[in-house]
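Okay, so here's the structure we're looking at.
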Amino acid sequence: MDTRSLGFTLIQLVLRPDYLVRDYISGKRQVSFPPVKMLFIIAIANVLASRLHKMVYGNTVETEAFHGALAFMNKFMTWAQDNTAWSTLLFMTVFIAPTWLFFRRAPLYPRHNLPEGFFLQVFMASHSLLIDTLAQLSVMWCNILFPIYYIVTYKQLFGYGWWGTLWRFFLCSVIGFGLIIIAFVAAVICFNTDALSK
């Protein structure tokens, strides 16, 4: 598990994410649990919470919604559910470049670069999975917390005002989700082309 405290890092991630990320990126890593390890531990907890939720409440709406959809989408969703940490990390990596593009000259963090953006997204992915795990265990709908958490963290970390953070976050989201849609459509086209050729 490591000598550094996972509990301390999780508390910092929930209460002071901007300081945790800034300290980690600036080299103050002695008290922080390694972010990639933390992501995988939270992903295991998320999978266990999801299984418990299904045992108690039955199948979720999401599995019914994808019933009868494209074979590729079903395969991808199955893979994403079975590999929570990897799928969350894969999802978050599309936001590294847009975040660097719009926040690279920030008042509080003007030297933001792409490798540091990776660690920022790992921390954000860990927090997203943590919220989802708590939602699974408490049967709460917490999706609204994701954008709020991102906006507050970006504001505190980079030092822009509310308006400056909001429009930058909006553009990052549009570009990030646009990249996800383009990649997904390309994968579906390739999958269907392979299926037709057989």
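Following the order of the structure tokens, chains are lettered A, B, ..., residues in each are numbered from 1, and ligands are numbered from 1.
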
Practice prompt. May I have the residues within 12 Å of A:Leu13 as a VMD selection string, using only C-alpha atoms and disregarding those fewer than 5 positions away in the same chain?
Written response: chain A and resid 6 to 8 18 to 24 32 to 33 35 38 to 39 120 122 to 131 149 to 150 153

How about saving the chosen residues, N, CA and C atoms kept, as a PDB file, in the first residue's frame?
ATOM      1  N   LEU A   6      -3.013   6.897   2.730  1.00  0.00           N
ATOM      2  CA  LEU A   6      -4.109   6.968   1.777  1.00  0.00           C
ATOM      3  C   LEU A   6      -5.261   7.776   2.359  1.00  0.00           C
ATOM      4  N   GLY A   7      -5.562   7.539   3.633  1.00  0.00           N
ATOM      5  CA  GLY A   7      -6.656   8.271   4.282  1.00  0.00           C
ATOM      6  C   GLY A   7      -6.439   9.774   4.272  1.00  0.00           C
ATOM      7  N   PHE A   8      -5.214  10.203   4.621  1.00  0.00           N
ATOM      8  CA  PHE A   8      -4.890  11.633   4.609  1.00  0.00           C
ATOM      9  C   PHE A   8      -5.057  12.218   3.214  1.00  0.00           C
ATOM     10  N   ASP A  18      -7.214  21.563  -4.554  1.00  0.00           N
ATOM     11  CA  ASP A  18      -6.288  22.467  -5.232  1.00  0.00           C
ATOM     12  C   ASP A  18      -4.912  22.456  -4.571  1.00  0.00           C
ATOM     13  N   TYR A  19      -4.878  22.455  -3.226  1.00  0.00           N
ATOM     14  CA  TYR A  19      -3.600  22.426  -2.522  1.00  0.00           C
ATOM     15  C   TYR A  19      -2.898  21.084  -2.713  1.00  0.00           C
ATOM     16  N   LEU A  20      -3.679  19.997  -2.680  1.00  0.00           N
ATOM     17  CA  LEU A  20      -3.098  18.674  -2.867  1.00  0.00           C
ATOM     18  C   LEU A  20      -2.437  18.565  -4.243  1.00  0.00           C
ATOM     19  N   VAL A  21      -3.139  18.987  -5.282  1.00  0.00           N
ATOM     20  CA  VAL A  21      -2.600  18.905  -6.641  1.00  0.00           C
ATOM     21  C   VAL A  21      -1.387  19.814  -6.782  1.00  0.00           C
ATOM     22  N   ARG A  22      -1.486  21.043  -6.291  1.00  0.00           N
ATOM     23  CA  ARG A  22      -0.373  21.986  -6.419  1.00  0.00           C
ATOM     24  C   ARG A  22       0.863  21.486  -5.669  1.00  0.00           C
ATOM     25  N   ASP A  23       0.662  20.965  -4.450  1.00  0.00           N
ATOM     26  CA  ASP A  23       1.798  20.444  -3.688  1.00  0.00           C
ATOM     27  C   ASP A  23       2.440  19.260  -4.392  1.00  0.00           C
ATOM     28  N   TYR A  24       1.611  18.353  -4.909  1.00  0.00           N
ATOM     29  CA  TYR A  24       2.151  17.159  -5.563  1.00  0.00           C
ATOM     30  C   TYR A  24       2.946  17.536  -6.808  1.00  0.00           C
ATOM     31  N   SER A  32       1.768  12.685   0.417  1.00  0.00           N
ATOM     32  CA  SER A  32       0.688  12.296  -0.488  1.00  0.00           C
ATOM     33  C   SER A  32       0.850  10.849  -0.946  1.00  0.00           C
ATOM     34  N   PHE A  33      -0.260  10.142  -0.963  1.00  0.00           N
ATOM     35  CA  PHE A  33      -0.276   8.796  -1.521  1.00  0.00           C
ATOM     36  C   PHE A  33      -0.109   8.916  -3.032  1.00  0.00           C
ATOM     37  N   PRO A  35      -0.721   9.123  -6.766  1.00  0.00           N
ATOM     38  CA  PRO A  35      -2.047   9.296  -7.367  1.00  0.00           C
ATOM     39  C   PRO A  35      -2.517   8.135  -8.240  1.00  0.00           C
ATOM     40  N   MET A  38      -3.560   5.378  -5.978  1.00  0.00           N
ATOM     41  CA  MET A  38      -4.812   5.768  -5.343  1.00  0.00           C
ATOM     42  C   MET A  38      -5.992   5.566  -6.294  1.00  0.00           C
ATOM     43  N   LEU A  39      -5.803   5.911  -7.568  1.00  0.00           N
ATOM     44  CA  LEU A  39      -6.868   5.738  -8.559  1.00  0.00           C
ATOM     45  C   LEU A  39      -7.291   4.277  -8.641  1.00  0.00           C
ATOM     46  N   LEU A 120      -2.852  16.037 -12.743  1.00  0.00           N
ATOM     47  CA  LEU A 120      -4.088  16.747 -12.399  1.00  0.00           C
ATOM     48  C   LEU A 120      -5.293  15.889 -12.741  1.00  0.00           C
ATOM     49  N   VAL A 122      -5.407  12.643 -13.122  1.00  0.00           N
ATOM     50  CA  VAL A 122      -5.450  11.443 -12.280  1.00  0.00           C
ATOM     51  C   VAL A 122      -6.124  11.773 -10.954  1.00  0.00           C
ATOM     52  N   PHE A 123      -5.767  12.917 -10.356  1.00  0.00           N
ATOM     53  CA  PHE A 123      -6.428  13.333  -9.116  1.00  0.00           C
ATOM     54  C   PHE A 123      -7.922  13.561  -9.350  1.00  0.00           C
ATOM     55  N   MET A 124      -8.273  14.198 -10.469  1.00  0.00           N
ATOM     56  CA  MET A 124      -9.679  14.453 -10.773  1.00  0.00           C
ATOM     57  C   MET A 124     -10.425  13.134 -10.996  1.00  0.00           C
ATOM     58  N   ALA A 125      -9.784  12.186 -11.673  1.00  0.00           N
ATOM     59  CA  ALA A 125     -10.410  10.880 -11.893  1.00  0.00           C
ATOM     60  C   ALA A 125     -10.624  10.160 -10.564  1.00  0.00           C
ATOM     61  N   SER A 126      -9.646  10.259  -9.667  1.00  0.00           N
ATOM     62  CA  SER A 126      -9.792   9.636  -8.352  1.00  0.00           C
ATOM     63  C   SER A 126     -10.969  10.229  -7.604  1.00  0.00           C
ATOM     64  N   HIS A 127     -11.083  11.538  -7.661  1.00  0.00           N
ATOM     65  CA  HIS A 127     -12.192  12.178  -6.955  1.00  0.00           C
ATOM     66  C   HIS A 127     -13.531  11.807  -7.597  1.00  0.00           C
ATOM     67  N   SER A 128     -13.588  11.748  -8.912  1.00  0.00           N
ATOM     68  CA  SER A 128     -14.827  11.363  -9.591  1.00  0.00           C
ATOM     69  C   SER A 128     -15.251   9.959  -9.191  1.00  0.00           C
ATOM     70  N   LEU A 129     -14.294   9.029  -9.148  1.00  0.00           N
ATOM     71  CA  LEU A 129     -14.606   7.665  -8.737  1.00  0.00           C
ATOM     72  C   LEU A 129     -15.014   7.604  -7.270  1.00  0.00           C
ATOM     73  N   LEU A 130     -14.396   8.443  -6.444  1.00  0.00           N
ATOM     74  CA  LEU A 130     -14.757   8.483  -5.034  1.00  0.00           C
ATOM     75  C   LEU A 130     -16.206   8.944  -4.858  1.00  0.00           C
ATOM     76  N   ILE A 131     -16.592   9.985  -5.580  1.00  0.00           N
ATOM     77  CA  ILE A 131     -17.985  10.457  -5.532  1.00  0.00           C
ATOM     78  C   ILE A 131     -18.927   9.364  -6.018  1.00  0.00           C
ATOM     79  N   TYR A 149     -17.395  20.223  -8.748  1.00  0.00           N
ATOM     80  CA  TYR A 149     -16.083  19.935  -8.192  1.00  0.00           C
ATOM     81  C   TYR A 149     -14.972  20.405  -9.129  1.00  0.00           C
ATOM     82  N   TYR A 150     -15.126  20.123 -10.412  1.00  0.00           N
ATOM     83  CA  TYR A 150     -14.117  20.535 -11.391  1.00  0.00           C
ATOM     84  C   TYR A 150     -13.969  22.051 -11.410  1.00  0.00           C
ATOM     85  N   THR A 153     -12.320  23.326  -8.176  1.00  0.00           N
ATOM     86  CA  THR A 153     -10.904  22.935  -8.136  1.00  0.00           C
ATOM     87  C   THR A 153     -10.084  23.750  -9.129  1.00  0.00           C
TER      88      THR A 153
END

Discussion item. For the structure I just gave you, how does DSSP split stretch 83-139 of chain A - specifically, which residues are alpha helix (DSSP H)? Reply as a ChimeraX atom specification.
Written reply: /A:84-93,96-103,114-138

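Residue nearest A:Ser173, chosen from A:Phe95, A:Cys190, A:Lys37, A:Tyr109 and counting only C-alpha atoms: A:Phe95.
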
Discussion item. So that I can check the surroundings of A:Gly176, please list as a list of chain:residue names every protein, DNA and RNA residue that reaches within 9 Å of it, counting only C-alpha atoms and ignoring chain neighbours fewer than 5 positions away.
Written reply: A:Phe91, A:Met92, A:Thr93, A:Val94, A:Phe95, A:Ile96, A:Ala97, A:Pro98, A:Leu171, A:Ile181

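We find atom CA of A:Pro110 and atom CA of A:Val31 to be spaced 24.4 Å apart.
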
Fill in: Selected residue of minimal separation from A:His112 among A:Ile42, A:Ile25, A:Ile175, A:Ile148, counting only C-alpha atoms
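For A:His112, the nearest of the given residues is A:Ile25.
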
Worksheet item: Using only C-alpha atoms, which of the listed residues (A:Gly27, A:Arg16, A:Gly117, A:Ala135) sits closest to A:Leu52?
Response: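 Checking each of A:Gly27, A:Arg16, A:Gly117, A:Ala135 against A:Leu52, counting only C-alpha atoms, the winner is A:Ala135.
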
Using only C-alpha atoms, find each residue in stretch 90-148 of chain A having at least one atom no more than 8 Å away from stretch 165-169 of chain A; report its shortest atom-to-atom pair and that distance in Å (one decimal), rows by chain then rising number, as a Markdown table.
| residue | atom | partner | partner_atom | distance |
| --- | --- | --- | --- | --- |
| A:Thr99 | CA | A:Phe169 | CA | 7.9 |
| A:Phe102 | CA | A:Arg168 | CA | 5.9 |
| A:Phe103 | CA | A:Arg168 | CA | 7.4 |

Store the residues picked out above, limited to C-alpha atoms, as a PDB file, in the first residue's frame.
ATOM      1  CA  THR A  99      -6.782  22.113 -19.858  1.00  0.00           C
ATOM      2  CA  PHE A 102      -6.829  27.242 -21.733  1.00  0.00           C
ATOM      3  CA  PHE A 103      -5.160  27.314 -18.311  1.00  0.00           C
TER       4      PHE A 103
END
